[in-house]
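**Q** Dropping in entry-v7.cif, which is mmCIF, C-alpha atoms:
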data_input
#
loop_
_atom_site.label_atom_id
_atom_site.label_comp_id
_atom_site.auth_asym_id
_atom_site.auth_seq_id
_atom_site.Cartn_x
_atom_site.Cartn_y
_atom_site.Cartn_z
CA MET A 10 0.00 0.00 0.00
CA THR A 11 1.42 3.38 -0.97
CA ALA A 12 1.35 6.44 1.25
CA GLY A 13 -2.01 8.16 1.17
CA GLU A 14 -3.82 5.23 -0.42
CA ASP A 15 -7.42 4.92 0.74
CA ILE A 16 -7.81 1.72 2.80
CA PHE A 17 -11.61 1.90 2.61
CA THR A 18 -13.45 0.28 -0.27
CA GLU A 19 -16.97 1.24 -1.32
CA VAL A 20 -19.65 -1.25 -0.34
CA GLY A 21 -21.76 -2.91 -2.99
CA VAL A 22 -21.79 -2.67 -6.76
CA GLY A 23 -22.27 0.05 -9.34
CA PRO A 24 -24.90 0.27 -12.10
CA TRP A 25 -25.68 -2.93 -14.00
CA MET A 26 -23.53 -3.25 -17.10
CA GLY A 27 -24.98 -4.75 -20.27
CA GLU A 28 -28.44 -6.05 -21.03
CA ARG A 29 -30.89 -5.76 -18.13
CA PRO A 30 -31.89 -9.09 -16.57
CA ALA A 31 -35.50 -10.24 -16.69
CA GLY A 32 -37.53 -11.02 -13.57
CA GLU A 33 -39.86 -9.28 -11.13
CA HIS A 34 -37.35 -9.52 -8.27
CA TRP A 35 -34.98 -7.00 -9.88
CA ASP A 36 -35.21 -3.36 -8.76
CA PRO A 37 -35.04 -1.01 -11.78
CA GLU A 38 -33.64 1.86 -9.70
CA LEU A 39 -30.85 -0.27 -8.25
CA LEU A 40 -29.99 -1.63 -11.69
CA GLU A 41 -29.76 1.94 -12.94
CA GLN A 42 -27.87 3.54 -10.04
CA GLY A 43 -26.06 0.65 -8.36
CA ASP A 44 -26.67 -1.24 -5.13
CA ARG A 45 -24.74 0.02 -2.09
CA ARG A 46 -26.86 -1.75 0.53
CA ASN A 47 -25.34 -4.01 3.17
CA VAL A 48 -26.81 -7.20 1.72
CA VAL A 49 -25.23 -10.50 0.70
CA ASP A 50 -24.22 -10.82 -2.93
CA ARG A 51 -27.12 -13.10 -3.88
CA TYR A 52 -29.51 -10.19 -3.21
CA ARG A 53 -27.66 -7.56 -5.22
CA TYR A 54 -30.08 -5.47 -7.31
CA TRP A 55 -33.12 -7.24 -5.78
CA SER A 56 -35.99 -5.12 -4.51
CA ARG A 57 -36.55 -5.03 -0.77
CA GLU A 58 -39.89 -6.80 -1.18
CA ALA A 59 -38.25 -9.59 -3.19
CA VAL A 60 -35.53 -10.04 -0.56
CA VAL A 61 -38.09 -10.28 2.26
CA ALA A 62 -40.20 -12.75 0.27
CA ASP A 63 -37.18 -14.98 -0.31
CA LEU A 64 -36.15 -14.82 3.35
CA ASP A 65 -39.71 -15.76 4.34
CA THR A 66 -39.35 -19.08 2.52
CA ARG A 67 -36.61 -20.22 4.89
CA ARG A 68 -36.96 -18.38 8.21
CA HIS A 69 -36.15 -20.42 11.28
CA ASP A 70 -38.56 -21.68 13.93
CA PHE A 71 -37.44 -19.42 16.76
CA HIS A 72 -38.66 -15.95 17.65
CA VAL A 73 -36.90 -13.27 19.68
CA ALA A 74 -38.52 -10.89 22.15
CA ILE A 75 -37.15 -8.02 24.20
CA GLU A 76 -38.74 -5.82 26.81
CA ASN A 77 -38.74 -2.09 26.01
CA TRP A 78 -39.57 -0.02 29.06
CA GLN A 79 -36.55 2.34 29.03
CA HIS A 80 -35.80 2.80 25.30
CA ASP A 81 -32.92 0.35 25.51
CA PHE A 82 -30.26 1.07 22.86
CA ASN A 83 -29.60 -2.68 22.59
CA ILE A 84 -32.87 -3.34 20.76
CA GLY A 85 -31.40 -2.34 17.42
CA THR A 86 -28.59 -4.86 17.90
CA VAL A 87 -31.12 -7.56 18.80
CA VAL A 88 -32.98 -6.88 15.54
CA ARG A 89 -29.73 -6.96 13.56
CA ASN A 90 -28.79 -10.29 15.15
CA ALA A 91 -32.27 -11.66 14.42
CA ASN A 92 -31.79 -10.76 10.77
CA ALA A 93 -28.35 -12.39 10.67
CA PHE A 94 -29.66 -15.64 12.17
CA LEU A 95 -33.01 -15.42 10.31
CA ALA A 96 -35.42 -15.44 13.25
CA ALA A 97 -39.09 -15.78 12.39
CA GLU A 98 -39.97 -12.49 14.11
CA VAL A 99 -38.74 -9.97 16.65
CA HIS A 100 -41.22 -8.95 19.36
CA ILE A 101 -40.97 -5.59 21.11
CA VAL A 102 -42.76 -5.76 24.48
CA GLY A 103 -43.66 -2.45 26.07
CA GLN A 104 -43.14 0.92 24.43
CA ARG A 105 -43.68 0.88 20.67
CA ARG A 106 -40.86 3.27 19.80
CA TRP A 107 -37.34 1.92 19.90
CA ASN A 108 -33.93 3.17 18.79
CA ARG A 109 -33.35 1.79 15.29
CA ARG A 110 -29.80 3.02 14.90
CA GLY A 111 -28.19 -0.24 15.99
CA ALA A 112 -30.34 -2.22 13.54
CA MET A 113 -28.35 -0.75 10.62
CA VAL A 114 -31.46 -0.86 8.39
CA THR A 115 -31.90 -4.64 8.91
CA ASP A 116 -35.38 -3.95 10.33
CA ARG A 117 -36.44 -3.42 6.71
CA TYR A 118 -35.88 -7.14 6.12
CA GLN A 119 -36.98 -8.50 9.52
CA HIS A 120 -40.57 -8.90 10.74
CA VAL A 121 -41.04 -6.88 13.94
CA ARG A 122 -44.21 -7.16 16.04
CA HIS A 123 -45.22 -4.93 18.96
CA HIS A 124 -46.98 -6.02 22.16
CA PRO A 125 -47.98 -3.18 24.53
CA ALA A 126 -47.71 -5.32 27.68
CA ILE A 127 -46.14 -8.60 28.75
CA GLU A 128 -49.64 -10.07 29.11
CA ASP A 129 -50.31 -9.41 25.42
CA PHE A 130 -47.06 -11.05 24.44
CA VAL A 131 -47.73 -14.09 26.63
CA ALA A 132 -51.20 -14.48 25.14
CA TRP A 133 -49.77 -14.35 21.63
CA ALA A 134 -47.09 -16.95 22.44
CA ALA A 135 -49.69 -19.26 24.01
CA GLY A 136 -51.87 -18.95 20.92
CA GLU A 137 -48.91 -19.98 18.75
CA ASP A 138 -48.00 -22.81 21.15
CA LEU A 139 -44.51 -21.35 21.56
CA PRO A 140 -42.69 -21.79 24.89
CA VAL A 141 -41.15 -18.58 26.25
CA ILE A 142 -37.49 -19.10 27.11
CA GLY A 143 -35.97 -16.41 29.34
CA ILE A 144 -32.27 -15.59 28.93
CA ASP A 145 -30.94 -13.96 32.11
CA ASN A 146 -28.44 -14.63 34.88
CA LEU A 147 -31.04 -15.23 37.57
CA PRO A 148 -31.07 -17.56 40.58
CA GLY A 149 -32.33 -20.91 39.36
CA SER A 150 -31.35 -20.32 35.72
CA ARG A 151 -29.78 -23.33 34.03
CA PRO A 152 -26.50 -22.86 32.13
CA MET A 153 -27.35 -22.56 28.45
CA GLU A 154 -24.11 -24.39 27.63
CA THR A 155 -25.54 -27.57 29.16
CA VAL A 156 -28.88 -27.68 27.32
CA THR A 157 -30.35 -27.73 23.82
CA LEU A 158 -32.78 -24.93 23.12
CA PRO A 159 -36.23 -26.04 21.88
CA ARG A 160 -36.65 -25.93 18.11
CA ARG A 161 -39.86 -23.90 18.37
CA CYS A 162 -39.60 -21.19 21.00
CA VAL A 163 -39.39 -17.50 21.81
CA LEU A 164 -36.14 -16.27 23.34
CA LEU A 165 -37.02 -13.45 25.74
CA PHE A 166 -34.52 -10.80 26.89
CA GLY A 167 -34.88 -8.03 29.45
CA GLN A 168 -33.60 -4.47 29.68
CA GLU A 169 -29.97 -3.51 30.09
CA GLY A 170 -29.32 -3.40 33.83
CA PRO A 171 -32.49 -4.72 35.50
CA GLY A 172 -32.85 -7.70 33.16
CA LEU A 173 -36.18 -9.46 32.86
CA SER A 174 -39.06 -7.85 34.72
CA ASP A 175 -40.91 -9.88 37.34
CA PRO A 176 -43.94 -10.48 35.05
CA ALA A 177 -41.61 -11.59 32.27
CA ARG A 178 -39.83 -14.03 34.56
CA ALA A 179 -43.16 -15.49 35.60
CA ALA A 180 -44.11 -15.98 31.94
CA CYS A 181 -41.02 -18.06 31.13
CA THR A 182 -41.34 -21.82 30.94
CA GLN A 183 -37.55 -22.11 31.30
CA LEU A 184 -34.72 -19.76 32.28
CA PHE A 185 -31.19 -20.08 30.93
CA SER A 186 -28.03 -18.19 31.79
CA ILE A 187 -24.89 -17.49 29.75
CA ALA A 188 -21.58 -18.40 31.36
CA GLN A 189 -19.39 -15.41 32.24
CA TYR A 190 -15.87 -15.44 33.61
CA GLY A 191 -14.94 -11.80 34.22
CA SER A 192 -15.81 -9.19 36.82
CA THR A 193 -19.01 -7.75 35.36
CA ARG A 194 -22.36 -9.02 36.60
CA SER A 195 -24.06 -9.15 33.22
CA ILE A 196 -23.67 -8.70 29.49
CA ASN A 197 -26.01 -6.50 27.49
CA ALA A 198 -29.05 -7.82 25.67
CA GLY A 199 -27.51 -7.25 22.27
CA VAL A 200 -24.57 -9.54 23.00
CA ALA A 201 -26.70 -12.07 24.89
CA SER A 202 -29.16 -12.32 22.01
CA GLY A 203 -26.39 -13.11 19.54
CA ILE A 204 -25.00 -15.84 21.78
CA ALA A 205 -28.43 -17.39 22.36
CA MET A 206 -29.44 -17.28 18.70
CA HIS A 207 -26.17 -18.88 17.66
CA ALA A 208 -26.75 -21.63 20.23
CA TRP A 209 -30.09 -22.30 18.52
CA ILE A 210 -28.40 -22.30 15.09
CA ARG A 211 -25.78 -24.81 16.24
CA ALA A 212 -28.51 -27.16 17.45
CA HIS A 213 -31.09 -26.88 14.68
CA ALA A 214 -29.86 -25.17 11.49
CA GLY A 215 -27.89 -26.35 8.52
CA PRO A 216 -25.27 -24.31 6.67
CA PRO A 217 -26.41 -21.02 5.14
CA PRO A 218 -27.13 -20.87 1.40
CA ALA A 219 -24.18 -20.29 -0.90
#
Can the structure from this file be put into structure tokens for me?
**A**
Amino acid sequence: MTAGEDIFTEVGVGPWMGERPAGEHWDPELLEQGDRRNVVDRYRYWSREAVVADLDTRRHDFHVAIENWQHDFNIGTVVRNANAFLAAEVHIVGQRRWNRRGAMVTDRYQHVRHHPAIEDFVAWAAGEDLPVIGIDNLPGSRPMETVTLPRRCVLLFGQEGPGLSDPARAACTQLFSIAQYGSTRSINAGVASGIAMHAWIRAHAGPPPA
């Protein structure tokens, strides 16, 4: 690398060169102007609707839920992780508004459902016959490293700091903790969600598409 050379490369691809491809999944504007989105190569030049429709054909059997009583900044990261691991849906329990900055636009490709109260969320999960699995370092929690997460479930996370609320804890059919070895008492919900989702992937998912 020579002095002054830019080490940053532009994300994505430029305008389509040559004859335009045929198919409803192509986005005419992206073909014309280029596709600089943070998407995998197989979705280059696809419309957002086409990407979501394709993801919907292979979403996994787990859902993710997080309580939102204090506008937790971790919610965006939870949504981004859910997109990366292809969760069926993300459920926001509590306040409807949440900070989308950490999602890095992945919420455009991920189904997000709002429940105004924990009771509404629990009723929905019961109607879908989905066990609610709490992830928190609480007394009585079982080490997640020693168990296999259910194939069909909702992984529920609490707020940064207080963790799961008392009503949320009562709604959980099982509680699992994540092993920690340092001095801090807890890890944030964004990190915990990634660890838990990957544990589900290791147990139940095959390799991602090429």
**Q** With all atoms listed in the file counted, which protein, DNA or RNA residues have an atom no more than 9 Å from (-35.0, -6.2, 0.7) in the file frame? Please answer as a PyMOL selection string.
**A** chain A and resi 48+52+55-62+115+117-118
**Q** Box for range 176-183 of chain A - axis-aligned, 5 Å on each of the six sides, all listed atoms - centre and size in Å to one decimal, as JSON.
**A**
{"center_x": -40.8, "center_y": -16.3, "center_z": 33.3, "size_x": 16.6, "size_y": 21.6, "size_z": 14.7}
**Q** Tell me which of A:Arg122, A:Thr86, A:Phe130, A:Pro218 sits closest to Ala201 in chain A, counting all atoms listed in the file.
**A**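 Checking each of A:Arg122, A:Thr86, A:Phe130, A:Pro218 against Ala201 in chain A, counting all atoms listed in the file, the winner is A:Thr86.
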**Q** As a check of understanding, name the residues that the PyMOL selection byres ((chain A and resi 199) around 12) selects in the supplied structure, as a PyMOL selection string.
**A** chain A and resi 73-75+81-91+111-112+144+165-169+195-198+200-206
**Q** Could you please take those selected residues and save C-alpha atoms as a tab-separated table (two decimals), in the coordinates of the input?
**A**
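Contents of out.tsv, as written:
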chain	number	residue	atom	x	y	z
A	73	VAL	CA	-36.90	-13.27	19.68
A	74	ALA	CA	-38.52	-10.89	22.15
A	75	ILE	CA	-37.15	-8.02	24.20
A	81	ASP	CA	-32.92	0.35	25.51
A	82	PHE	CA	-30.26	1.07	22.86
A	83	ASN	CA	-29.60	-2.68	22.59
A	84	ILE	CA	-32.87	-3.34	20.76
A	85	GLY	CA	-31.40	-2.34	17.42
A	86	THR	CA	-28.59	-4.86	17.90
A	87	VAL	CA	-31.12	-7.56	18.80
A	88	VAL	CA	-32.98	-6.88	15.54
A	89	ARG	CA	-29.73	-6.96	13.56
A	90	ASN	CA	-28.79	-10.29	15.15
A	91	ALA	CA	-32.27	-11.66	14.42
A	111	GLY	CA	-28.19	-0.24	15.99
A	112	ALA	CA	-30.34	-2.22	13.54
A	144	ILE	CA	-32.27	-15.59	28.93
A	165	LEU	CA	-37.02	-13.45	25.74
A	166	PHE	CA	-34.52	-10.80	26.89
A	167	GLY	CA	-34.88	-8.03	29.45
A	168	GLN	CA	-33.60	-4.47	29.68
A	169	GLU	CA	-29.97	-3.51	30.09
A	195	SER	CA	-24.06	-9.15	33.22
A	196	ILE	CA	-23.67	-8.70	29.49
A	197	ASN	CA	-26.01	-6.50	27.49
A	198	ALA	CA	-29.05	-7.82	25.67
A	200	VAL	CA	-24.57	-9.54	23.00
A	201	ALA	CA	-26.70	-12.07	24.89
A	202	SER	CA	-29.16	-12.32	22.01
A	203	GLY	CA	-26.39	-13.11	19.54
A	204	ILE	CA	-25.00	-15.84	21.78
A	205	ALA	CA	-28.43	-17.39	22.36
A	206	MET	CA	-29.44	-17.28	18.70
**Q** Within 9 Å of Leu147 in chain A, counting only C-alpha atoms, which residues qualify if same-chain residues fewer than 5 places away don't, as a PDB file with C-alpha atoms, in the frame of the given file?
**A**
ATOM      1  CA  GLY A 172     -32.850  -7.700  33.160  1.00  0.00           C
ATOM      2  CA  LEU A 184     -34.720 -19.760  32.280  1.00  0.00           C
ATOM      3  CA  PHE A 185     -31.190 -20.080  30.930  1.00  0.00           C
ATOM      4  CA  SER A 186     -28.030 -18.190  31.790  1.00  0.00           C
TER       5      SER A 186
END
**Q** Mind telling me what the PyMOL selection byres ((chain A and resi 158-162) around 9) catches here, as a PyMOL selection string?
**A** chain A and resi 69-73+134+138-142+153+156-157+163-164+205+208-209+212-213
**Q** Hey, which of A:His124, A:Arg105, A:Arg67, A:Arg211 ends up closest to Gln79 in chain A? Count only C-alpha atoms.
**A**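 For Gln79 in chain A, the nearest of the given residues is A:Arg105.
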**Q** Would you mind reading off the distance between CA of Ala188 in chain A and CA of Ser150 in chain A, one decimal, in Å?
**A**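 Value for the CA of Ala188 in chain A-CA of Ser150 in chain A distance: 10.9 Å.
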**Q** At a cut-off of 9 Å, using all atoms listed in the file, what residues contact Pro125 in chain A? Leave out same-chain residues fewer than 4 positions from it and give the result as a list in words.
**A**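 Once the adjacent positions are removed, what remains is Ile101, Val102, Gly103, Gln104, Arg105, Asp129 and Phe130 of chain A.
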**Q** Taking all atoms listed in the file into account, name the residue in A:Val131, A:Ala96, A:Ala179, A:Met113 that is nearest to Ile210 in chain A.
**A**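 Using all atoms listed in the file, Ile210 in chain A sits closest to A:Ala96.
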**Q** Set the distance at 10 Å and use only C-alpha atoms: which residues neighbour Arg53 in chain A once local chain neighbours fewer than 2 positions away are removed? I'd like the list as a PyMOL selection string.
**A** chain A and resi 21-22+35-36+39-40+43-51+55-56+60
**Q** CA of Gly23 in chain A to CA of Glu41 in chain A: how many Å, to one decimal?
**A** 8.5 Å
**Q** Using only C-alpha atoms, find the one residue out of A:Tyr190, A:Trp133, A:Phe94, A:Trp107 that sits nearest to Ala214 in chain A.
**A**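 Comparing A:Tyr190, A:Trp133, A:Phe94, A:Trp107 against Ala214 in chain A, the winner is A:Phe94.
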**Q** Would you compute the distance between CA of Cys181 in chain A and CA of His100 in chain A? Give it in Å to one decimal.
**A**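 Computing it gives 14.9 Å between the two atoms.
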**Q** Can you work out which one of A:His80, A:His123, A:Gln183, A:Arg29 has the shortest atom-to-atom distance to Arg109 in chain A, counting only C-alpha atoms?
**A** A:His80
**Q** Between A:Glu19, A:Pro216, A:His207, A:Ile127, which residue has the minimum interatomic distance to Ala93 in chain A, considering only C-alpha atoms?
**A** A:His207
**Q** Residues near Arg194 in chain A, anyone? I mean within 9 Å using only C-alpha atoms, not counting same-chain ones fewer than 3 positions away, as a PyMOL selection string.
**A** chain A and resi 146+189+191
